[in-house]
Each structure stands twice: as C-alpha cells, then as structure tokens.
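> Handing you this structure, nothing more for now.
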Amino acid sequence: MPSQIISAASSSPVPSPRMKARPVAVGPRLRIWADRLAPAAAFVVLIVVWEGACRLFAIPSFLLPAPSAIVRAGFEVSAMQWLSNISATIRVALMGYLMAIAVSIPLAVALVNSRFLSRTLYPLLVIVQSTPIVAVAPIIVVTLGASDLPRVVITFLITFFPIVVSTVTGLMATPEELIELSRSLRAGRTREMLHIRLPFAVPYIFSALKISTTLAIIGAVIAEFVAAEHGLGFFIMFSTSFFKIPQAFAGLAVLVALSLVFFRLCTLAQRWLVPWSLPKSQR
Amino acid sequence: MSEHAGVIRFADVEQTFGRDDGSAVTALEDVTFDIGRNEFLAVLGPSGCGKSTLLRLIAGLIFPSRGVVSIYDLTVTEPRDEIGIVFQRPTLLPWFDVIGNVTFPLRHKYGRVTAEDKLRARDMLSLVGLSDFVSKRIDELSGGMQQRVALARALLLDPDILLMDEPFSALDALTRDEMSFELLRIWSERPKTVVFITHSIPEAVLLADRIVVMTPRPGRVREIIDVDLPRPRSISTLSEPTFHALANHIRGQLFTRAVA
C-alpha cells in the first residue's frame with residue numbers, strides 16, 4: 001500500500017505536502033501541463049476525427065451520426081423530457097444500488113461468520129450470478145408488475161454480487177495476528193467484526209462499490225428496455241424505434257456521463273470518509 | 001526474585017493438529033520446562049519446530065492435546081489479562097494514528113478509551129522512544145518504528161508476561177540490532193517475564209537468560225542453555241568469548257541431526 005513512487009503522472013493536481021515543492025524549469029513545466037491535459041486532448045481529437053470522418057465520407061446519420069448532429073438532436077429534446085428521463089434512471093439505479101449495499105454487506109458478514117451459511121448460501125449466490133439478468137428481466141417485470149419495483153430488483157440483482165464477493169474477500173483478508181490479538185483480549189466476535197474485520201474490508205468494499213456504480217446504471221437501463229415509460233433506457237428504445245439515431249446517441253452520451261459522475265462520487269466518498277484506504281498518491 | 005517461581009510451566013505437553021485429510025501432525029512432543037518470574041527466555045529452533053505453537057499455548061489461543069500448560073499454577077484454559085503479544089509483523093491498524101493503535105487493546109476490550117489511558121499510552125510511547133510520533137499516521141513510520149508501536153501496544157496493559165514471536169525478523173539487520181538493545185533497555189526498566197521466539201542464534205544469546213533449543217518436526221526440547229553473560233549487555237557483549245562459545249555450541253546442536 002505505501003507506494004513510494006511519486007511520478008509526474010500523479011493523479012492529484014495539488015502536490016502533496018510530503019513532496020517538497022521544488023522550482024520547476026519551463027521545459028518540465030510544459031511537460032507537466034501536457035501530461036495533465038493529455039486525457040482531455042485525446043477526447044477532443046477523437047471527437048474531431050469522428051466529426052471529420054462523418055462529413056468527409058458522408059456517413060448517413062442512421063449509421064453513425066456526427067457529434068454535431070448528436071448535440072443538435074440533444075437540444076431538440078425538451079429540458080423537461082430530459083429531466084424526467086434522467087431522474088427516472090437515477091432513481092432506479094440509486095435505489096437498486098443502495099438496496100444492494102444494504103443486503104450485500106450484512107450478507108457477507110453472515111457468510112464469513114457461519115460455515116453453515118457459506119456452505120448453503122454461497123452456491124445459490126453463484127447460481128443467481130450465473131443467470132443472465134437480461135434474460136430474467138422480462139420475467140421479473142411480469143411477476144412484479146408495473147412500478148419501479150421490478151426495475152429496482154433487476155438493478156439490485158446485477159449489482160449485489162460483486163459487493164458480496166469483495167466484502168467476503170476483505171473480511172477474510174484480515175491479518176491472522178490481529179484476530180489472535182482480539183482473541184487474546186477476549187473482546188468477543190462482535191467487536192472483532194466491527195473493530196477489525198470490517199474496517200480491514202473497507203478498501204475491498206470500496207473497489208466493489210466503484211465497479212457497482214456502472215453496473216447499477218446498466219441494470220437500470222436493462223430494466224427500462226424491458227418495461228418503462230420513463231428513463232434513459234426507454235428514451236433510447238423509443239428513439240431507435242422512430243429511427244432517430246442521433247437522438248439515441250444523445251441519450252447514450254448522457255448515460256455515459258451519468259456513469260462517470262456516479263463513479264467519481266464513489267471515489268470522492270472514499271477519499272472523504274476513509275482516506276487511509278487509498279494509496280498515498282490518491283489521497 | 002526467586003529463581004524457580006515457575007511463572008509459566010510446561011508439563012509433558014504434546015500438540016497435534018488435525019489436517020483436512022484426517023491425518024494428524026505432531027507439532028510438539030514431550031515438552032517440559034519452567035519459566036521463572038521476570039526471566040528472559042528465548043526459544044530457538046528451525047522453522048516448523050513448533051516455536052509459535054509454544055507461544056500460542058501460553059497465550060491461551062490453543063490448548064495442548066496432552067499435558068498441561070499452566071501460568072501461576074493455574075492451567076491455561078482461556079487467554080489471560082496479564083499477557084502482551086508482539087508478532088512478527090507489526091499488524092497495526094492503518095485507520096488509527098500511532099496513539100490510536102497503542103490504545104486499541106483498551107478500545108477493543110472495553111469499548112472506550114479514557115484520558116488516563118491516553119496518558120499511559122504516551123508513557124509507553126516515550127518508553128519505546130516514539131514520543132515525537134504520537135499522532136503520526138502508520139504509513140509515515142519505518143518498519144522498526146512500527147514494531148516499536150506494536151511493542152508499546154503490547155505493554156499498555158502492563159502485562160506480567162510478554163510473548164514475542166520473532167518480532168524483529170522482518171527488520172533489516174541494523175534496525176534489528178538496534179531493536180535488540182532497545183528491548184533490553186525496556187525490559188530492565190519494566191521487568192517482565194519474556195518469552196522470545198527466534199531463529200537467530202546471536203539474537204537469542206544476546207537477549208536471553210536461558211535458551212530453549214528445539215528440534216524440528218516434531219518439536220522437542222533438545223537442550224536448555226543458561227546464558228552466563230553479565231547484564232547489562234551491550235555491543236561489547238557481542239565480542240565476549242562466552243558469547244561466541246555459546247553461539248557455536250548452539251549452532252552445533254542445531255546442525256547435527258538427532259539420532260532417533
């Protein structure tokens with residue numbers, strides 16, 4: 001964990017206090033800026049090439065719309081419509097995500113605590129995880145009816161497994177010596193779990209939570225494909241059925257942005273709540 | 001200080017562990033010896049001779065398959081309060097600062113840490129030479145410093161008995177020597193019964209009053225050696241003829257195979 005490598009590619013724009021501020025000559029300074037702007041530059045180049053290719057080869061917009069066409073299509077949709085679709089997707093994704101957290105972490109604790117539970121429940125969890133959720137989604141919608149509930153359940157099903165697995169791994173990764181220390185103090189199983197095992201699992205839990213942010217968006221969209229009157233998944237389906245491909249792309253772009261924001265928020269939450277669980281360079 | 005108060009007593013102890021395939025491995029066999037009050041006892045032997053098993057038996061973390069381990073004439077049936085443990089790795093908690101780690105046993109056992117406890121912890125930190133590092137983060141400390149924190153943590157509840165499981169073996173050679181002398185200083189300031197597991201011959205000779213030399217698989221007591229080196233010991237102890245004679249003798253013991 002203690003990474004000593006402080007490279008120019010350090011992701012934090014502010015030099016940490018451990019790095020002695022030293023005068024930087026003009027040449028290196030330029031290189032640092034180039035390095036910092038590299039991701040944005042790559043993105044811009046991609047957009048420009050895409051736009052150029054679409055115009056140069058006159059690619060029809062129903063095959064691949066140009067970025068400009070996508071933006072235009074995006075503005076043709078009313079703000080109210082965007083708002084209702086985006087909020088619907090966020091609501092489903094967030095509820096499924098929170099439900100997954102609320103179920104997964106206690107479940108992982110139970111699995112670690114009881115050999116019986118882990119022998120009986122774990123195989124079942126693997127079966128659930130092995131079931132293609134896309135295929136189950138229509139069934140769930142029929143069973144649970146027309147409300148947010150089936151969509152939340154679908155999101156939950158796709159999101160919870162990585163959190164369970166990572167949390168179990170984290171709880172088991174606690175150094176044996178600390179468990180012995182706990183036992184030598186006769187502190188009890190509850191304190192062992194709360195004071196030692198769970199905190200040790202935090203880095204594992206957060207890496208699963210980060211993966212699960214994108215999974216939650218995927219789950220919400222799948223659910224909206226199957227049955228919905230709102231949401232970005234519905235919006236994309238609706239747009240494509242009317243051959244409004246640029247509009248579908250606009251919906252897609254918003255989904256990507258949403259995923260990134262979710263992921264970022266999760267990273268920020270980790271930095272804010274449990275900074276020790278991050279490598280030094282990322283605090 | 002009566003020589004054979006027998007704070008810790010091993011009587012004919014045998015320890016077997018069951019494997020998953022149903023077979024059993026004997027880790028310790030016919031182990032009998034006493035450890036006196038405030039004695040510094042080193043247990044020396046090759047890997048897999050059951051040294052750590054010995055320590056865990058004293059700590060009450062495991063119980064012998066046969067024979068009796070007793071502390072103050074009471075058979076060990078559960079972990080006891082008068083024991084502090086230092087492991088090979090510091091195993092500190094990265095979410096606490098230095099003092100938070102030292103007070104952790106109290107927080108863990110009683111659920112709270114009082115201002116008085118914190119004062120004690122500060123005392124312990126100055127005892128191990130870390131008074132300037134009280135609120136540092138763990139990853140700001142070197143390996144040697146982390147092990148000092150672990151030592152302060154073990155000493156916090158003022159245990160009569162200090163169990164050390166190869167505590168310096170993960171440190172570099174220089175830090176290791178430094179820590180050995182530090183431990184001797186701390187032990188002379190706060191006398192305790194110390195059981196020190198090691199596989200380093202010079203370390204055992206430098207530190208201990210007596211050395212229990214173990215045989216590998218199953219672990220038996222090969223010989224118990226009195227270390228007749230004057231205290232306080234220092235760098236100059238390392239060049240005394242007795243030191244070399246003892247080290248050579250133990251080396252001979254460890255490298256000639258027992259004729260069974």
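Labels used: A, B, ... for chains in the order of the structure tokens, numbers from 1 for residues in each chain, and numbers from 1 for ligands as shown.
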Could you pull out the alpha helix (DSSP H) residues of region 18-252 of chain A, going by DSSP on the backbone, and write them as a count of residues only?

188

> Report as a PDB file with N, CA and C atoms, in the first residue's frame the set of chain B residues whose atoms approach chain A to within 6 Å, with distances computed over only C-alpha atoms.


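Generated output (part-v2.pdb):
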ATOM      1  N   PRO B  79      -7.488 -17.143  27.169  1.00  0.00           N
ATOM      2  CA  PRO B  79      -6.494 -16.070  27.175  1.00  0.00           C
ATOM      3  C   PRO B  79      -6.590 -15.285  28.473  1.00  0.00           C
ATOM      4  N   TRP B  95      -6.128   2.759   9.998  1.00  0.00           N
ATOM      5  CA  TRP B  95      -7.109   3.846  10.146  1.00  0.00           C
ATOM      6  C   TRP B  95      -6.936   4.607  11.462  1.00  0.00           C
ATOM      7  N   LYS B 109     -11.272  -3.990  23.974  1.00  0.00           N
ATOM      8  CA  LYS B 109     -11.736  -4.824  25.077  1.00  0.00           C
ATOM      9  C   LYS B 109     -12.886  -4.179  25.834  1.00  0.00           C
TER      10      LYS B 109
END

> Using only C-alpha atoms for the distances, tell me which of A:Ala146, A:Ile222, A:Ala79, A:Val112 is nearest to Pro132 (chain A).

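So, comparing all the options, the nearest one is A:Ile222.
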
> Counting only C-alpha atoms, what is within 10 Å of Phe238 (chain A), bar same-chain residues fewer than 5 positions away, as a ChimeraX atom specification?

/A:225,229-230,232-233,243-244,247-248

> Looking at A:Pro65, A:Pro60, A:Pro246, A:Pro279, which one is nearest to Ile47 (chain A), with distances taken over only C-alpha atoms?

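Closest candidate: A:Pro65.
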
> Let me make sure I understand: among B:Ser126, B:Leu162, B:Val134, B:Arg233, which one has the smallest atom-to-atom distance to Leu55 (chain B) if we use only C-alpha atoms?

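Checking each candidate against Leu55 (chain B), we get B:Leu162 as the closest.
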
> Just the residues within 8 Å of Ala152 (chain B), please, counting only C-alpha atoms, with nothing from its chain fewer than 4 positions along; format it as a PyMOL selection string.

chain B and resi 102+121+124-125+127-128+148+156

> Which neighbours of Val92 (chain A) fall inside 12 Å, counting only C-alpha atoms, when residues of the same chain fewer than 4 positions from it are skipped, and could you give them as an MDAnalysis selection string?

chainID A and resid 85:88 96:99 147:156 216:224 228 230:233

> Record the distance separating CA of Phe133 (chain B) and CA of Pro167 (chain B), expressed in Å with one decimal.

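Taking CA of Phe133 (chain B) as the start and CA of Pro167 (chain B) as the end point, the length is 20.6 Å.
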